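S.K.: This is input-v4.cif, which holds mmCIF, C-alpha atoms:
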```
data_coords
loop_
_atom_site.group_PDB
_atom_site.id
_atom_site.type_symbol
_atom_site.label_atom_id
_atom_site.label_comp_id
_atom_site.auth_asym_id
_atom_site.auth_seq_id
_atom_site.Cartn_x
_atom_site.Cartn_y
_atom_site.Cartn_z
ATOM 1 C CA MET E 4 -25.799 136.580 19.083
ATOM 2 C CA HIS E 5 -25.526 134.306 22.100
ATOM 3 C CA THR E 6 -24.803 130.805 20.837
ATOM 4 C CA VAL E 7 -24.378 127.454 22.583
ATOM 5 C CA ARG E 8 -21.774 124.865 21.519
ATOM 6 C CA LEU E 9 -23.188 121.457 20.625
ATOM 7 C CA LYS E 10 -22.106 118.468 18.518
ATOM 8 C CA LEU E 11 -23.246 117.701 14.998
ATOM 9 C CA VAL E 12 -23.196 113.921 14.527
ATOM 10 C CA THR E 13 -23.024 112.898 10.852
ATOM 11 C CA ILE E 14 -23.683 109.247 10.029
ATOM 12 C CA VAL E 15 -23.356 107.834 6.512
ATOM 13 C CA ALA E 16 -25.034 104.445 6.167
ATOM 14 C CA GLU E 17 -26.798 102.135 3.753
ATOM 15 C CA PRO E 18 -30.410 103.173 2.990
ATOM 16 C CA VAL E 19 -31.748 99.969 4.566
ATOM 17 C CA LEU E 20 -30.435 101.117 7.941
ATOM 18 C CA GLU E 21 -32.257 104.489 7.993
ATOM 19 C CA PRO E 22 -35.621 103.272 9.416
ATOM 20 C CA ARG E 23 -33.771 101.466 12.194
ATOM 21 C CA LEU E 24 -31.182 104.145 12.981
ATOM 22 C CA VAL E 25 -33.467 107.185 13.116
ATOM 23 C CA PRO E 26 -35.703 105.996 16.001
ATOM 24 C CA GLU E 27 -32.591 104.792 17.829
ATOM 25 C CA LEU E 28 -31.044 108.262 17.548
ATOM 26 C CA HIS E 29 -34.215 109.798 19.005
ATOM 27 C CA ALA E 30 -34.257 107.182 21.792
ATOM 28 C CA LEU E 31 -30.623 108.085 22.577
ATOM 29 C CA GLY E 32 -31.572 111.751 23.031
ATOM 30 C CA ALA E 33 -31.753 113.500 19.635
ATOM 31 C CA THR E 34 -34.701 115.913 19.311
ATOM 32 C CA GLY E 35 -34.593 116.092 15.508
ATOM 33 C CA HIS E 36 -32.721 114.755 12.507
ATOM 34 C CA THR E 37 -31.970 115.577 8.866
ATOM 35 C CA VAL E 38 -31.493 112.977 6.124
ATOM 36 C CA THR E 39 -29.970 113.551 2.694
ATOM 37 C CA GLU E 40 -29.472 111.038 -0.096
ATOM 38 C CA SER E 41 -25.869 110.351 -0.997
ATOM 39 C CA ARG E 42 -23.619 108.096 -3.016
ATOM 40 C CA GLY E 43 -20.133 107.007 -2.189
ATOM 41 C CA GLU E 44 -17.613 104.402 -1.423
ATOM 42 C CA GLY E 45 -15.807 103.492 1.766
ATOM 43 C CA SER E 46 -12.875 101.445 2.852
ATOM 44 C CA ARG E 47 -15.085 98.385 3.285
ATOM 45 C CA ALA E 48 -16.607 97.090 0.071
ATOM 46 C CA MET E 49 -19.143 94.793 1.767
ATOM 47 C CA ARG E 50 -22.707 95.970 2.153
ATOM 48 C CA ALA E 51 -25.673 94.035 3.477
ATOM 49 C CA SER E 52 -27.946 94.956 0.604
ATOM 50 C CA GLU E 53 -28.896 97.811 -1.747
ATOM 51 C CA ILE E 54 -27.184 99.220 -4.788
ATOM 52 C CA PRO E 55 -23.465 99.519 -4.048
ATOM 53 C CA GLY E 56 -22.590 103.081 -3.176
ATOM 54 C CA ASP E 57 -26.130 104.261 -2.459
ATOM 55 C CA GLY E 58 -26.304 105.860 0.976
ATOM 56 C CA ARG E 59 -28.078 108.004 3.493
ATOM 57 C CA ARG E 60 -26.422 110.838 5.352
ATOM 58 C CA ILE E 61 -28.175 111.281 8.691
ATOM 59 C CA GLU E 62 -27.409 114.311 10.861
ATOM 60 C CA VAL E 63 -28.378 115.225 14.407
ATOM 61 C CA VAL E 64 -27.364 118.176 16.592
ATOM 62 C CA VAL E 65 -27.032 117.020 20.199
ATOM 63 C CA THR E 66 -25.224 117.602 23.498
ATOM 64 C CA ASP E 67 -21.743 116.123 24.029
ATOM 65 C CA ALA E 68 -23.232 113.419 26.275
ATOM 66 C CA VAL E 69 -25.768 112.330 23.646
ATOM 67 C CA ALA E 70 -23.086 112.386 20.920
ATOM 68 C CA ASP E 71 -20.990 110.075 23.057
ATOM 69 C CA ARG E 72 -23.924 107.709 23.592
ATOM 70 C CA ILE E 73 -24.594 107.662 19.827
ATOM 71 C CA LEU E 74 -20.958 106.790 19.029
ATOM 72 C CA ALA E 75 -20.958 104.037 21.658
ATOM 73 C CA HIS E 76 -24.191 102.651 20.198
ATOM 74 C CA LEU E 77 -22.781 102.668 16.649
ATOM 75 C CA ALA E 78 -19.534 101.084 17.804
ATOM 76 C CA GLU E 79 -21.406 98.244 19.504
ATOM 77 C CA HIS E 80 -24.253 97.559 17.092
ATOM 78 C CA TYR E 81 -23.213 98.826 13.643
ATOM 79 C CA PHE E 82 -19.466 99.121 13.061
ATOM 80 C CA PRO E 83 -18.785 95.372 13.315
ATOM 81 C CA ARG E 84 -21.462 94.513 10.748
ATOM 82 C CA TYR E 85 -22.181 97.425 8.449
ATOM 83 C CA ALA E 86 -20.407 99.930 6.210
ATOM 84 C CA VAL E 87 -21.294 102.852 8.497
ATOM 85 C CA ILE E 88 -19.143 105.907 9.066
ATOM 86 C CA ALA E 89 -19.765 108.587 11.693
ATOM 87 C CA TYR E 90 -18.050 111.785 12.711
ATOM 88 C CA LEU E 91 -18.567 114.625 15.175
ATOM 89 C CA THR E 92 -18.227 118.340 14.467
ATOM 90 C CA ASP E 93 -18.438 121.242 16.928
ATOM 91 C CA VAL E 94 -21.307 123.558 16.045
ATOM 92 C CA GLU E 95 -22.766 126.716 17.565
ATOM 93 C CA VAL E 96 -26.527 127.156 17.738
ATOM 94 C CA LEU E 97 -29.051 129.666 18.945
ATOM 95 C CA ARG E 98 -31.820 128.372 21.211
ATOM 96 C CA GLY E 99 -29.730 125.489 22.597
ATOM 97 C CA GLU E 100 -32.700 124.228 24.623
ATOM 98 C CA LYS E 101 -34.385 122.986 21.449
ATOM 99 C CA TYR E 102 -31.724 120.277 21.173
ATOM 100 C CA VAL E 103 -32.138 118.847 24.671
ATOM 101 C CA LYS E 104 -34.925 116.485 25.727
ATOM 102 C CA MET H 19 -1.511 125.683 2.199
ATOM 103 C CA HIS H 20 -2.420 129.076 3.629
ATOM 104 C CA THR H 21 -6.044 128.940 4.742
ATOM 105 C CA VAL H 22 -8.381 131.520 6.252
ATOM 106 C CA ARG H 23 -10.890 130.687 9.002
ATOM 107 C CA LEU H 24 -14.509 131.474 8.152
ATOM 108 C CA LYS H 25 -17.953 130.308 9.285
ATOM 109 C CA LEU H 26 -20.127 127.777 7.515
ATOM 110 C CA VAL H 27 -23.761 128.621 8.229
ATOM 111 C CA THR H 28 -26.102 125.650 7.712
ATOM 112 C CA ILE H 29 -29.832 126.363 7.649
ATOM 113 C CA VAL H 30 -32.449 123.605 7.396
ATOM 114 C CA ALA H 31 -35.864 124.962 6.427
ATOM 115 C CA GLU H 32 -39.098 124.118 4.651
ATOM 116 C CA PRO H 33 -38.795 124.160 0.832
ATOM 117 C CA VAL H 34 -41.268 127.076 0.589
ATOM 118 C CA LEU H 35 -38.765 129.303 2.414
ATOM 119 C CA GLU H 36 -35.843 128.741 0.005
ATOM 120 C CA PRO H 37 -36.750 131.426 -2.592
ATOM 121 C CA ARG H 38 -37.172 133.960 0.204
ATOM 122 C CA LEU H 39 -34.127 132.971 2.306
ATOM 123 C CA VAL H 40 -31.522 132.738 -0.470
ATOM 124 C CA PRO H 41 -31.740 136.374 -1.647
ATOM 125 C CA GLU H 42 -31.817 137.498 1.986
ATOM 126 C CA LEU H 43 -28.579 135.590 2.671
ATOM 127 C CA HIS H 44 -26.940 137.310 -0.300
ATOM 128 C CA ALA H 45 -28.278 140.701 0.870
ATOM 129 C CA LEU H 46 -26.771 140.016 4.322
ATOM 130 C CA GLY H 47 -23.321 139.431 2.780
ATOM 131 C CA ALA H 48 -23.055 135.865 1.424
ATOM 132 C CA THR H 49 -21.265 135.647 -1.938
ATOM 133 C CA GLY H 50 -22.558 132.160 -2.776
ATOM 134 C CA HIS H 51 -24.739 129.392 -1.459
ATOM 135 C CA THR H 52 -25.312 125.645 -1.794
ATOM 136 C CA VAL H 53 -28.700 123.956 -1.462
ATOM 137 C CA THR H 54 -29.340 120.230 -0.973
ATOM 138 C CA GLU H 55 -32.665 118.451 -0.643
ATOM 139 C CA SER H 56 -33.277 116.799 2.698
ATOM 140 C CA ARG H 57 -35.883 115.097 4.803
ATOM 141 C CA GLY H 58 -36.225 115.130 8.537
ATOM 142 C CA GLU H 59 -38.063 115.971 11.632
ATOM 143 C CA GLY H 60 -37.465 118.593 14.302
ATOM 144 C CA SER H 61 -38.614 119.418 17.753
ATOM 145 C CA ARG H 62 -41.485 121.499 16.367
ATOM 146 C CA ALA H 63 -44.059 119.524 14.419
ATOM 147 C CA MET H 64 -45.771 122.571 12.898
ATOM 148 C CA ARG H 65 -44.921 123.601 9.382
ATOM 149 C CA ALA H 66 -46.514 126.329 7.314
ATOM 150 C CA SER H 67 -46.985 124.138 4.266
ATOM 151 C CA GLU H 68 -45.363 121.387 2.183
ATOM 152 C CA ILE H 69 -45.057 117.681 2.776
ATOM 153 C CA PRO H 70 -44.125 117.116 6.428
ATOM 154 C CA GLY H 71 -40.464 116.381 6.777
ATOM 155 C CA ASP H 72 -39.452 117.633 3.347
ATOM 156 C CA GLY H 73 -36.685 120.209 3.676
ATOM 157 C CA ARG H 74 -33.924 122.275 2.162
ATOM 158 C CA ARG H 75 -30.438 122.457 3.590
ATOM 159 C CA ILE H 76 -28.924 125.814 2.654
ATOM 160 C CA GLU H 77 -25.239 126.486 3.276
ATOM 161 C CA VAL H 78 -23.140 129.615 3.017
ATOM 162 C CA VAL H 79 -19.478 130.260 3.898
ATOM 163 C CA VAL H 80 -19.122 133.761 5.319
ATOM 164 C CA THR H 81 -17.137 135.967 7.709
ATOM 165 C CA ASP H 82 -17.935 135.891 11.442
ATOM 166 C CA ALA H 83 -19.697 139.256 11.115
ATOM 167 C CA VAL H 84 -21.960 138.058 8.311
ATOM 168 C CA ALA H 85 -22.700 134.795 10.187
ATOM 169 C CA ASP H 86 -23.787 136.876 13.157
ATOM 170 C CA ARG H 87 -26.044 139.035 10.993
ATOM 171 C CA ILE H 88 -27.606 135.903 9.462
ATOM 172 C CA LEU H 89 -28.353 134.396 12.900
ATOM 173 C CA ALA H 90 -29.861 137.682 14.096
ATOM 174 C CA HIS H 91 -32.019 137.818 10.958
ATOM 175 C CA LEU H 92 -33.233 134.230 11.440
ATOM 176 C CA ALA H 93 -33.917 134.819 15.134
ATOM 177 C CA GLU H 94 -36.030 137.865 14.342
ATOM 178 C CA HIS H 95 -37.889 136.794 11.213
ATOM 179 C CA TYR H 96 -37.943 132.979 11.104
ATOM 180 C CA PHE H 97 -37.521 131.252 14.453
ATOM 181 C CA PRO H 98 -40.798 132.550 15.937
ATOM 182 C CA ARG H 99 -42.835 131.364 12.961
ATOM 183 C CA TYR H 100 -41.126 128.527 11.125
ATOM 184 C CA ALA H 101 -39.504 125.131 11.754
ATOM 185 C CA VAL H 102 -36.045 126.449 10.857
ATOM 186 C CA ILE H 103 -32.799 125.286 12.409
ATOM 187 C CA ALA H 104 -29.393 126.900 11.903
ATOM 188 C CA TYR H 105 -25.892 126.187 13.119
ATOM 189 C CA LEU H 106 -22.400 127.578 12.635
ATOM 190 C CA THR H 107 -19.227 125.571 12.019
ATOM 191 C CA ASP H 108 -15.647 126.829 11.824
ATOM 192 C CA VAL H 109 -14.160 126.122 8.404
ATOM 193 C CA GLU H 110 -10.824 126.823 6.730
ATOM 194 C CA VAL H 111 -10.746 127.963 3.115
ATOM 195 C CA LEU H 112 -8.240 128.915 0.488
ATOM 196 C CA ARG H 113 -8.825 132.205 -1.333
ATOM 197 C CA GLY H 114 -10.716 133.794 1.584
ATOM 198 C CA GLU H 115 -11.365 136.918 -0.468
ATOM 199 C CA LYS H 116 -13.914 135.037 -2.592
ATOM 200 C CA TYR H 117 -16.243 134.919 0.417
ATOM 201 C CA VAL H 118 -16.241 138.644 1.161
ATOM 202 C CA LYS H 119 -18.268 141.228 -0.755
ATOM 203 C CA MET Y 4 -15.498 107.110 23.440
ATOM 204 C CA HIS Y 5 -11.930 107.510 22.223
ATOM 205 C CA THR Y 6 -11.997 109.628 19.086
ATOM 206 C CA VAL Y 7 -9.290 110.803 16.693
ATOM 207 C CA ARG Y 8 -9.257 114.285 15.130
ATOM 208 C CA LEU Y 9 -9.231 114.343 11.325
ATOM 209 C CA LYS Y 10 -10.217 116.771 8.585
ATOM 210 C CA LEU Y 11 -13.457 116.713 6.616
ATOM 211 C CA VAL Y 12 -12.775 118.155 3.158
ATOM 212 C CA THR Y 13 -15.938 119.408 1.436
ATOM 213 C CA ILE Y 14 -15.690 120.227 -2.268
ATOM 214 C CA VAL Y 15 -18.574 121.719 -4.245
ATOM 215 C CA ALA Y 16 -18.054 121.407 -7.990
ATOM 216 C CA GLU Y 17 -19.827 121.065 -11.309
ATOM 217 C CA PRO Y 18 -21.235 117.566 -11.952
ATOM 218 C CA VAL Y 19 -18.913 117.102 -14.940
ATOM 219 C CA LEU Y 20 -15.909 117.217 -12.598
ATOM 220 C CA GLU Y 21 -17.055 114.398 -10.291
ATOM 221 C CA PRO Y 22 -15.695 111.436 -12.331
ATOM 222 C CA ARG Y 23 -12.330 113.171 -12.565
ATOM 223 C CA LEU Y 24 -12.124 114.476 -8.993
ATOM 224 C CA VAL Y 25 -13.136 111.310 -7.130
ATOM 225 C CA PRO Y 26 -10.273 109.084 -8.364
ATOM 226 C CA GLU Y 27 -7.851 111.971 -7.804
ATOM 227 C CA LEU Y 28 -9.016 112.263 -4.165
ATOM 228 C CA HIS Y 29 -8.409 108.537 -3.678
ATOM 229 C CA ALA Y 30 -4.989 108.823 -5.361
ATOM 230 C CA LEU Y 31 -4.137 111.681 -2.964
ATOM 231 C CA GLY Y 32 -4.917 109.464 0.038
ATOM 232 C CA ALA Y 33 -8.673 109.394 0.719
ATOM 233 C CA THR Y 34 -9.986 105.934 1.659
ATOM 234 C CA GLY Y 35 -13.639 106.751 0.954
ATOM 235 C CA HIS Y 36 -15.901 109.541 -0.236
ATOM 236 C CA THR Y 37 -19.527 110.695 -0.090
ATOM 237 C CA VAL Y 38 -21.290 112.584 -2.877
ATOM 238 C CA THR Y 39 -24.577 114.497 -2.601
ATOM 239 C CA GLU Y 40 -26.408 116.371 -5.317
ATOM 240 C CA SER Y 41 -26.706 120.106 -4.755
ATOM 241 C CA ARG Y 42 -27.719 123.336 -6.365
ATOM 242 C CA GLY Y 43 -26.276 126.748 -5.804
ATOM 243 C CA GLU Y 44 -24.492 129.782 -6.981
ATOM 244 C CA GLY Y 45 -21.016 131.094 -6.318
ATOM 245 C CA SER Y 46 -19.064 134.253 -6.735
ATOM 246 C CA ARG Y 47 -17.976 133.202 -10.231
ATOM 247 C CA ALA Y 48 -20.788 132.930 -12.754
ATOM 248 C CA MET Y 49 -18.740 131.023 -15.354
ATOM 249 C CA ARG Y 50 -19.077 127.286 -15.594
ATOM 250 C CA ALA Y 51 -17.517 124.979 -18.121
ATOM 251 C CA SER Y 52 -20.743 123.139 -18.872
ATOM 252 C CA GLU Y 53 -23.927 121.752 -17.284
ATOM 253 C CA ILE Y 54 -27.074 123.452 -16.120
ATOM 254 C CA PRO Y 55 -26.110 126.612 -14.222
ATOM 255 C CA GLY Y 56 -26.255 126.023 -10.506
ATOM 256 C CA ASP Y 57 -26.301 122.235 -10.631
ATOM 257 C CA GLY Y 58 -23.536 120.829 -8.460
ATOM 258 C CA ARG Y 59 -21.953 117.950 -6.631
ATOM 259 C CA ARG Y 60 -20.888 118.122 -3.024
ATOM 260 C CA ILE Y 61 -18.023 115.694 -2.504
ATOM 261 C CA GLU Y 62 -16.803 114.910 1.018
ATOM 262 C CA VAL Y 63 -13.797 112.983 2.301
ATOM 263 C CA VAL Y 64 -12.496 112.460 5.847
ATOM 264 C CA VAL Y 65 -8.699 112.412 5.817
ATOM 265 C CA THR Y 66 -5.570 113.209 7.808
ATOM 266 C CA ASP Y 67 -4.276 116.790 7.960
ATOM 267 C CA ALA Y 68 -1.493 115.870 5.523
ATOM 268 C CA VAL Y 69 -3.904 114.458 2.943
ATOM 269 C CA ALA Y 70 -6.257 117.462 3.371
ATOM 270 C CA ASP Y 71 -3.312 119.731 2.626
ATOM 271 C CA ARG Y 72 -2.396 117.743 -0.499
ATOM 272 C CA ILE Y 73 -6.014 117.917 -1.698
ATOM 273 C CA LEU Y 74 -6.154 121.707 -1.258
ATOM 274 C CA ALA Y 75 -2.826 122.098 -3.079
ATOM 275 C CA HIS Y 76 -4.130 119.910 -5.908
ATOM 276 C CA LEU Y 77 -7.354 121.917 -6.211
ATOM 277 C CA ALA Y 78 -5.448 125.214 -6.099
ATOM 278 C CA GLU Y 79 -3.177 124.103 -8.927
ATOM 279 C CA HIS Y 80 -5.560 122.231 -11.217
ATOM 280 C CA TYR Y 81 -9.101 123.455 -10.504
ATOM 281 C CA PHE Y 82 -9.361 126.905 -8.951
ATOM 282 C CA PRO Y 83 -7.919 128.762 -11.960
ATOM 283 C CA ARG Y 84 -10.342 127.123 -14.380
ATOM 284 C CA TYR Y 85 -13.504 125.948 -12.604
ATOM 285 C CA ALA Y 86 -16.202 127.183 -10.216
ATOM 286 C CA VAL Y 87 -14.991 124.908 -7.416
ATOM 287 C CA ILE Y 88 -15.147 125.709 -3.726
ATOM 288 C CA ALA Y 89 -13.515 123.697 -0.950
ATOM 289 C CA TYR Y 90 -13.333 123.977 2.803
ATOM 290 C CA LEU Y 91 -11.894 122.026 5.728
ATOM 291 C CA THR Y 92 -13.654 121.224 9.001
ATOM 292 C CA ASP Y 93 -12.196 119.533 12.095
ATOM 293 C CA VAL Y 94 -14.028 116.290 12.836
ATOM 294 C CA GLU Y 95 -13.663 113.560 15.461
ATOM 295 C CA VAL Y 96 -14.001 109.930 14.431
ATOM 296 C CA LEU Y 97 -13.876 106.502 15.983
ATOM 297 C CA ARG Y 98 -11.615 103.948 14.314
ATOM 298 C CA GLY Y 99 -9.223 106.556 12.884
ATOM 299 C CA GLU Y 100 -7.208 103.854 11.119
ATOM 300 C CA LYS Y 101 -10.041 103.366 8.588
ATOM 301 C CA TYR Y 102 -9.218 106.784 7.132
ATOM 302 C CA VAL Y 103 -5.518 106.168 6.538
ATOM 303 C CA LYS Y 104 -4.104 104.193 3.602
#
```
Do you think you could lay out the structure here as structure tokens?
M.R.:
Amino acid sequence: MHTVRLKLVTIVAEPVLEPRLVPELHALGATGHTVTESRGEGSRAMRASEIPGDGRRIEVVVTDAVADRILAHLAEHYFPRYAVIAYLTDVEVLRGEKYVK
Amino acid sequence: MHTVRLKLVTIVAEPVLEPRLVPELHALGATGHTVTESRGEGSRAMRASEIPGDGRRIEVVVTDAVADRILAHLAEHYFPRYAVIAYLTDVEVLRGEKYVK
Amino acid sequence: MHTVRLKLVTIVAEPVLEPRLVPELHALGATGHTVTESRGEGSRAMRASEIPGDGRRIEVVVTDAVADRILAHLAEHYFPRYAVIAYLTDVEVLRGEKYVK
């Protein structure tokens, strides 16, 4: 099958941040997103609210340029203040045009 | 450790499709699968049923050949009709023989 | 953005193993972890306990050296006895120093 290489951006954040982050991800160029409930613990113990360890894992599949914009956005607006982690993974998809606005 | 490179196939689909997709993935060559509950939104708003946004994330670790068969199967039987997304990721595993039928 | 390449280690195991595995992962060098609930089925039907198919997906982002130690640990202490699967994925992160003890 003919696949296209894109980036999967995985963000793990406090639940309270989900309703703010998701529209921002779409505004930055994501055409869809997936959220799963998670628990965990990071290297920073501080959290703005919520039950300690409760989290949301938010995933988007985007172009390299959008992935870069998302990381820059997180670095500026979230990393200094919140217990957010984010990582990029190379993925291959069919119908690459579905992931571009 | 000596690892073997395989493909992780991640499929995000409506819950109603899980009981149909899982046996098909096994028939196509998967030796196991993992399902997590998710929520989300894609570039296609239409869904055959279920609460909008409710989803299942189905993952299998398979050989390149099986991953290709799975994508071809999805492209033929699911993509035209359902709000399904799928992507491949390179993974490294120990005991590669566990993932081959 | 300047990113650093690390390894995402994904472990899928019976729920009963989570309270034992998580501190071991931290002792082996992980600085954080994420757990999601899952269901599934593997190539080994036997499970030590729990509802068949119920599982925990445990993820850590670590250096290559720590990923290798985790795989070696699983191979020695878990694979012979439990229905555990584990795989490594290359990921790119910002603030790589957060993932190193």
S.K.: Within 12 Å of chain Y, which residues belong to chain E? Use only C-alpha atoms and report them as a ChimeraX atom specification.
M.R.: /E:10-17,38-48,56-60,67-79,82-83,86-94
S.K.: Since we have the selection now, will you write its residues out, keeping C-alpha atoms, as a PDB file, in the frame of the given file?
M.R.:
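Ended up saving to selection.pdb:
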```pdb
ATOM      1  CA  LYS E  10     -22.106 118.468  18.518  1.00  0.00           C
ATOM      2  CA  LEU E  11     -23.246 117.701  14.998  1.00  0.00           C
ATOM      3  CA  VAL E  12     -23.196 113.921  14.527  1.00  0.00           C
ATOM      4  CA  THR E  13     -23.024 112.898  10.852  1.00  0.00           C
ATOM      5  CA  ILE E  14     -23.683 109.247  10.029  1.00  0.00           C
ATOM      6  CA  VAL E  15     -23.356 107.834   6.512  1.00  0.00           C
ATOM      7  CA  ALA E  16     -25.034 104.445   6.167  1.00  0.00           C
ATOM      8  CA  GLU E  17     -26.798 102.135   3.753  1.00  0.00           C
ATOM      9  CA  VAL E  38     -31.493 112.977   6.124  1.00  0.00           C
ATOM     10  CA  THR E  39     -29.970 113.551   2.694  1.00  0.00           C
ATOM     11  CA  GLU E  40     -29.472 111.038  -0.096  1.00  0.00           C
ATOM     12  CA  SER E  41     -25.869 110.351  -0.997  1.00  0.00           C
ATOM     13  CA  ARG E  42     -23.619 108.096  -3.016  1.00  0.00           C
ATOM     14  CA  GLY E  43     -20.133 107.007  -2.189  1.00  0.00           C
ATOM     15  CA  GLU E  44     -17.613 104.402  -1.423  1.00  0.00           C
ATOM     16  CA  GLY E  45     -15.807 103.492   1.766  1.00  0.00           C
ATOM     17  CA  SER E  46     -12.875 101.445   2.852  1.00  0.00           C
ATOM     18  CA  ARG E  47     -15.085  98.385   3.285  1.00  0.00           C
ATOM     19  CA  ALA E  48     -16.607  97.090   0.071  1.00  0.00           C
ATOM     20  CA  GLY E  56     -22.590 103.081  -3.176  1.00  0.00           C
ATOM     21  CA  ASP E  57     -26.130 104.261  -2.459  1.00  0.00           C
ATOM     22  CA  GLY E  58     -26.304 105.860   0.976  1.00  0.00           C
ATOM     23  CA  ARG E  59     -28.078 108.004   3.493  1.00  0.00           C
ATOM     24  CA  ARG E  60     -26.422 110.838   5.352  1.00  0.00           C
ATOM     25  CA  ASP E  67     -21.743 116.123  24.029  1.00  0.00           C
ATOM     26  CA  ALA E  68     -23.232 113.419  26.275  1.00  0.00           C
ATOM     27  CA  VAL E  69     -25.768 112.330  23.646  1.00  0.00           C
ATOM     28  CA  ALA E  70     -23.086 112.386  20.920  1.00  0.00           C
ATOM     29  CA  ASP E  71     -20.990 110.075  23.057  1.00  0.00           C
ATOM     30  CA  ARG E  72     -23.924 107.709  23.592  1.00  0.00           C
ATOM     31  CA  ILE E  73     -24.594 107.662  19.827  1.00  0.00           C
ATOM     32  CA  LEU E  74     -20.958 106.790  19.029  1.00  0.00           C
ATOM     33  CA  ALA E  75     -20.958 104.037  21.658  1.00  0.00           C
ATOM     34  CA  HIS E  76     -24.191 102.651  20.198  1.00  0.00           C
ATOM     35  CA  LEU E  77     -22.781 102.668  16.649  1.00  0.00           C
ATOM     36  CA  ALA E  78     -19.534 101.084  17.804  1.00  0.00           C
ATOM     37  CA  GLU E  79     -21.406  98.244  19.504  1.00  0.00           C
ATOM     38  CA  PHE E  82     -19.466  99.121  13.061  1.00  0.00           C
ATOM     39  CA  PRO E  83     -18.785  95.372  13.315  1.00  0.00           C
ATOM     40  CA  ALA E  86     -20.407  99.930   6.210  1.00  0.00           C
ATOM     41  CA  VAL E  87     -21.294 102.852   8.497  1.00  0.00           C
ATOM     42  CA  ILE E  88     -19.143 105.907   9.066  1.00  0.00           C
ATOM     43  CA  ALA E  89     -19.765 108.587  11.693  1.00  0.00           C
ATOM     44  CA  TYR E  90     -18.050 111.785  12.711  1.00  0.00           C
ATOM     45  CA  LEU E  91     -18.567 114.625  15.175  1.00  0.00           C
ATOM     46  CA  THR E  92     -18.227 118.340  14.467  1.00  0.00           C
ATOM     47  CA  ASP E  93     -18.438 121.242  16.928  1.00  0.00           C
ATOM     48  CA  VAL E  94     -21.307 123.558  16.045  1.00  0.00           C
TER      49      VAL E  94
END
```
S.K.: Could you state the separation of CA of Gly47 in chain H and CA of Val80 in chain H in Å, given to one decimal place?
M.R.: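 Spanning CA of Gly47 in chain H to CA of Val80 in chain H is a straight-line distance of 7.5 Å.
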S.K.: For the atom pair CA of Tyr81 in chain E and CA of Arg23 in chain E, what is the interatomic distance in Å to one decimal place?
M.R.: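 Atom-to-atom, CA of Tyr81 in chain E and CA of Arg23 in chain E are spaced 11.0 Å apart.
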S.K.: State, in Å with one decimal place, the distance from CA of Pro33 in chain H to CA of Glu100 in chain E.
M.R.: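 These two atoms are separated by 24.6 Å.
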S.K.: Could you pull range 84-101 of chain E out of the structure just shown and give C-alpha atoms as a compact mmCIF listing (two decimals), in the first residue's frame?
M.R.:
```txt
# COMPACT_ATOMS: atom_id res chain seq x y z
CA ARG E 84 3.58 26.03 34.17
CA TYR E 85 2.15 22.55 33.85
CA ALA E 86 3.14 18.90 34.22
CA VAL E 87 2.79 18.26 30.47
CA ILE E 88 4.89 15.84 28.47
CA ALA E 89 4.91 15.54 24.68
CA TYR E 90 6.70 13.38 22.17
CA LEU E 91 6.77 12.83 18.42
CA THR E 92 6.75 9.50 16.60
CA ASP E 93 7.10 8.84 12.86
CA VAL E 94 4.01 7.13 11.49
CA GLU E 95 2.90 5.96 8.06
CA VAL E 96 -0.69 6.50 6.96
CA LEU E 97 -2.89 5.85 3.98
CA ARG E 98 -4.87 8.80 2.63
CA GLY E 99 -2.37 11.42 3.85
CA GLU E 100 -4.62 14.24 2.62
CA LYS E 101 -7.06 13.58 5.46
```
